[in-house]
Amino acid sequence: MAPTVNASPRPTFANLIRSEIWFDDGNLLLIAGSAMFKVHRGQLQRHSEFFNTLFSLPQSRDQNLLDGCLWVELYDCPSDVLYFLKALYDGLYFKAPYANDFPALAAILRLSTKYFVEHLRQLCLARLSLDWPATLAGWDQRESAAIDKRGRYVPWLTCAHPILAMQLAIEQSIPSVFLAAMYDLSRYGPSKIQIGTRPLRLASDLLFSNLDAVAYNNQRITLSPELLCRTLKGREYSQKYLASFIERELQFRTPSEKCMNRSDEDNSSQACRDSFYYITLNVLRAVGGISSGRDADPLYTLLQAADMLTRMDFSDGQQLCGLKMCHACKVDFAGAVARAREEVWMLLPRWFGIPEVGARSSVKV
């Protein structure tokens with residue numbers, strides 16, 4: 001719903017909460033729900049194409065003033081308006097990836113899109129693309145950033161829950177974010193996928209709502225039956241692909257034509273064959289990165305397989321060593337893994353039915 005300028009019955013200070021965005025020299029009051037913001041009309045006109053157009057329209061001389069100022073009623077969430085105005089006045093900065101930044105990021109993206117503040121919108125999209133990238137290279141960077149100094153994989157510290165990202169992507173029609181978030185969610189166990197998550201809300205949200213703490217803690221955001229089915233199907237497709245890769249590229253793999261171990265007439269290329277068998281066992285032992293907290297993740301599992309080519313922490317029963325695979329076979333297998341990872345990334349839209357994304361009712365709150 002579009003904002004209205006002094007169209008509703010004149011509110012009173014008694015039933016409004018003064019927000020922290022309150023400038024004594026301001027000349028415009030914004031009212032959202034029970035929250036009131038005193039700002040500068042010129043600041044809004046300077047940055048927002050929408051407000052510039054709104055205030056350029058002829059204004060009635062008989063307008064009701066509030067605190068001596070023109071007032072505008074916004075039909076937006078009060079906390080969204082708070083985040084939006086803070087970004088408009090103070091700028092939008094993200095010092096480091098932090099999951100709790102998501103409510104502000106989502107709010108600013110919503111209102112910068114609605115009110116045509118393009119520079120904030122672009123900053124939000126750029127920030128979102130770091131957590132939910134559109135390319136495989138970006139995804140690999142995202143995963144590396146989720147590993148802390150102790151070597152632990154802790155994406156929940158840097159990225160919001162993927163269901164929240166999916167919800168925002170549907171709302172704002174951002175297919176690339178939706179795809180990355182859906183793949184991220186598919187790596188959870190089925191029960192965790194189904195149970196959903198709590199909304200990320202800050203103190204400002206509770207201040208401007210009638211929601212008590214108990215009700216807030218009991219809230220859940222879950223997938224609609226359609227999205228739940230698509231997520232689980234995508235998860236199943238990804239695991240089938242991994243199984244076919246193991247069979248095609250490991251279990252029945254022939255050594256390279258340039259294999260340097262072929263000279264052994266009694267046991268031609270046996271060292272390379274044994275190495276492929278050893279990689280197969282290790283991949284099957286932790287399919288999808290279960291031991292690393294990344295269940296059903298073919299991109300990570302394939303990366304693990306390639307990393308085994310250079311690891312020196314295997315044991316031959318006497319000492320630590322690397323795989324006894326020749327350089328030519330290593331190069332061939334590394335190439336096969338790289339091609340498979342690119343293929344997985346290209347297949348994700350088909351696996352998760354991304355062409356159908358766009359229905360606003362797809363995520364149920």
# chains A, B, ... in the order shown; residues from 1 in each chain; ligands from 1

call {"tool": "residues_around", "arguments": {"residues": "Glu118 (chain A)", "least_positions_apart": "5", "cutoff": "12 Å", "atoms": "only C-alpha atoms", "output": "PDB file with N, CA and C atoms, in the first residue's frame"}}
result
ATOM      1  N   ARG A  46      16.230  13.670  -1.588  1.00  0.00           N
ATOM      2  CA  ARG A  46      17.542  13.577  -2.230  1.00  0.00           C
ATOM      3  C   ARG A  46      17.857  12.144  -2.660  1.00  0.00           C
ATOM      4  N   HIS A  47      17.450  11.193  -1.830  1.00  0.00           N
ATOM      5  CA  HIS A  47      17.859   9.808  -2.086  1.00  0.00           C
ATOM      6  C   HIS A  47      16.757   8.935  -2.672  1.00  0.00           C
ATOM      7  N   SER A  48      15.504   9.306  -2.481  1.00  0.00           N
ATOM      8  CA  SER A  48      14.397   8.460  -2.910  1.00  0.00           C
ATOM      9  C   SER A  48      13.623   9.097  -4.058  1.00  0.00           C
ATOM     10  N   GLU A  49      13.612   8.419  -5.172  1.00  0.00           N
ATOM     11  CA  GLU A  49      12.844   8.894  -6.317  1.00  0.00           C
ATOM     12  C   GLU A  49      11.355   8.956  -5.974  1.00  0.00           C
ATOM     13  N   PHE A  50      10.895   8.001  -5.173  1.00  0.00           N
ATOM     14  CA  PHE A  50       9.485   7.965  -4.799  1.00  0.00           C
ATOM     15  C   PHE A  50       9.104   9.206  -3.972  1.00  0.00           C
ATOM     16  N   LEU A  88      19.842   5.298   5.474  1.00  0.00           N
ATOM     17  CA  LEU A  88      19.732   6.519   4.676  1.00  0.00           C
ATOM     18  C   LEU A  88      20.553   7.650   5.279  1.00  0.00           C
ATOM     19  N   ILE A 108      16.140  -3.214   4.635  1.00  0.00           N
ATOM     20  CA  ILE A 108      16.647  -2.152   3.765  1.00  0.00           C
ATOM     21  C   ILE A 108      16.428  -2.507   2.302  1.00  0.00           C
ATOM     22  N   LEU A 109      16.597  -3.781   1.966  1.00  0.00           N
ATOM     23  CA  LEU A 109      16.347  -4.198   0.583  1.00  0.00           C
ATOM     24  C   LEU A 109      14.872  -3.990   0.224  1.00  0.00           C
ATOM     25  N   ARG A 110      13.984  -4.378   1.118  1.00  0.00           N
ATOM     26  CA  ARG A 110      12.549  -4.214   0.849  1.00  0.00           C
ATOM     27  C   ARG A 110      12.183  -2.755   0.595  1.00  0.00           C
ATOM     28  N   LEU A 111      12.615  -1.871   1.513  1.00  0.00           N
ATOM     29  CA  LEU A 111      12.180  -0.479   1.406  1.00  0.00           C
ATOM     30  C   LEU A 111      12.971   0.305   0.364  1.00  0.00           C
ATOM     31  N   SER A 112      14.227  -0.047   0.145  1.00  0.00           N
ATOM     32  CA  SER A 112      14.981   0.648  -0.909  1.00  0.00           C
ATOM     33  C   SER A 112      14.425   0.277  -2.282  1.00  0.00           C
ATOM     34  N   THR A 113      13.896  -0.935  -2.410  1.00  0.00           N
ATOM     35  CA  THR A 113      13.232  -1.334  -3.655  1.00  0.00           C
ATOM     36  C   THR A 113      11.886  -0.629  -3.788  1.00  0.00           C
ATOM     37  N   LEU A 123      23.704  -2.061  -2.737  1.00  0.00           N
ATOM     38  CA  LEU A 123      24.548  -2.499  -1.627  1.00  0.00           C
ATOM     39  C   LEU A 123      23.990  -3.763  -0.985  1.00  0.00           C
ATOM     40  N   CYS A 124      22.675  -3.808  -0.828  1.00  0.00           N
ATOM     41  CA  CYS A 124      22.031  -4.988  -0.247  1.00  0.00           C
ATOM     42  C   CYS A 124      22.194  -6.212  -1.144  1.00  0.00           C
ATOM     43  N   LEU A 125      21.988  -6.035  -2.437  1.00  0.00           N
ATOM     44  CA  LEU A 125      22.129  -7.155  -3.366  1.00  0.00           C
ATOM     45  C   LEU A 125      23.569  -7.666  -3.402  1.00  0.00           C
TER      46      LEU A 125
END

call {"tool": "select_by_dssp", "arguments": {"residues": "region 48-253 of chain A", "states": "strand (DSSP E)", "output": "PyMOL selection string"}}
result
chain A and resi 70-74+222-223

call {"tool": "residues_around", "arguments": {"residues": "region 223-235 of chain A", "least_positions_apart": "2", "cutoff": "12 Å", "atoms": "only C-alpha atoms", "output": "PyMOL selection string"}}
result
chain A and resi 162-167+170+178-197+220-221+237-242+288+295-298+344+347-365

call {"tool": "residues_around", "arguments": {"residues": "Asn261 (chain A)", "least_positions_apart": "3", "cutoff": "10 Å", "atoms": "only C-alpha atoms", "output": "PyMOL selection string"}}
result
chain A and resi 255-256+258+264-265+267-273+324-329

call {"tool": "closest_residue", "arguments": {"among": "A:Asp67, A:Lys114, A:Pro175, A:Pro97", "to": "Asp80 (chain A)", "atoms": "only C-alpha atoms"}}
result
A:Lys114

call {"tool": "select_by_dssp", "arguments": {"residues": "region 64-245 of chain A", "states": "helix (DSSP H, G or I)", "output": "PyMOL selection string"}}
result
chain A and resi 78-90+99-114+118-131+136-145+155-158+162-172+175-186+190-195+203-207+213-217+225-245

call {"tool": "residues_around", "arguments": {"residues": "Leu29 (chain A)", "least_positions_apart": "6", "cutoff": "6 Å", "atoms": "only C-alpha atoms", "output": "PDB file with N, CA and C atoms, in the first residue's frame"}}
result
ATOM      1  N   PHE A  37       8.848   8.725  13.495  1.00  0.00           N
ATOM      2  CA  PHE A  37      10.205   9.110  13.131  1.00  0.00           C
ATOM      3  C   PHE A  37      10.187  10.564  12.665  1.00  0.00           C
ATOM      4  N   LYS A  38      11.055  11.392  13.235  1.00  0.00           N
ATOM      5  CA  LYS A  38      11.136  12.790  12.810  1.00  0.00           C
ATOM      6  C   LYS A  38      12.388  12.959  11.969  1.00  0.00           C
ATOM      7  N   TRP A  71       3.108  15.248   8.182  1.00  0.00           N
ATOM      8  CA  TRP A  71       3.311  13.848   8.549  1.00  0.00           C
ATOM      9  C   TRP A  71       2.806  12.925   7.443  1.00  0.00           C
TER      10      TRP A  71
END
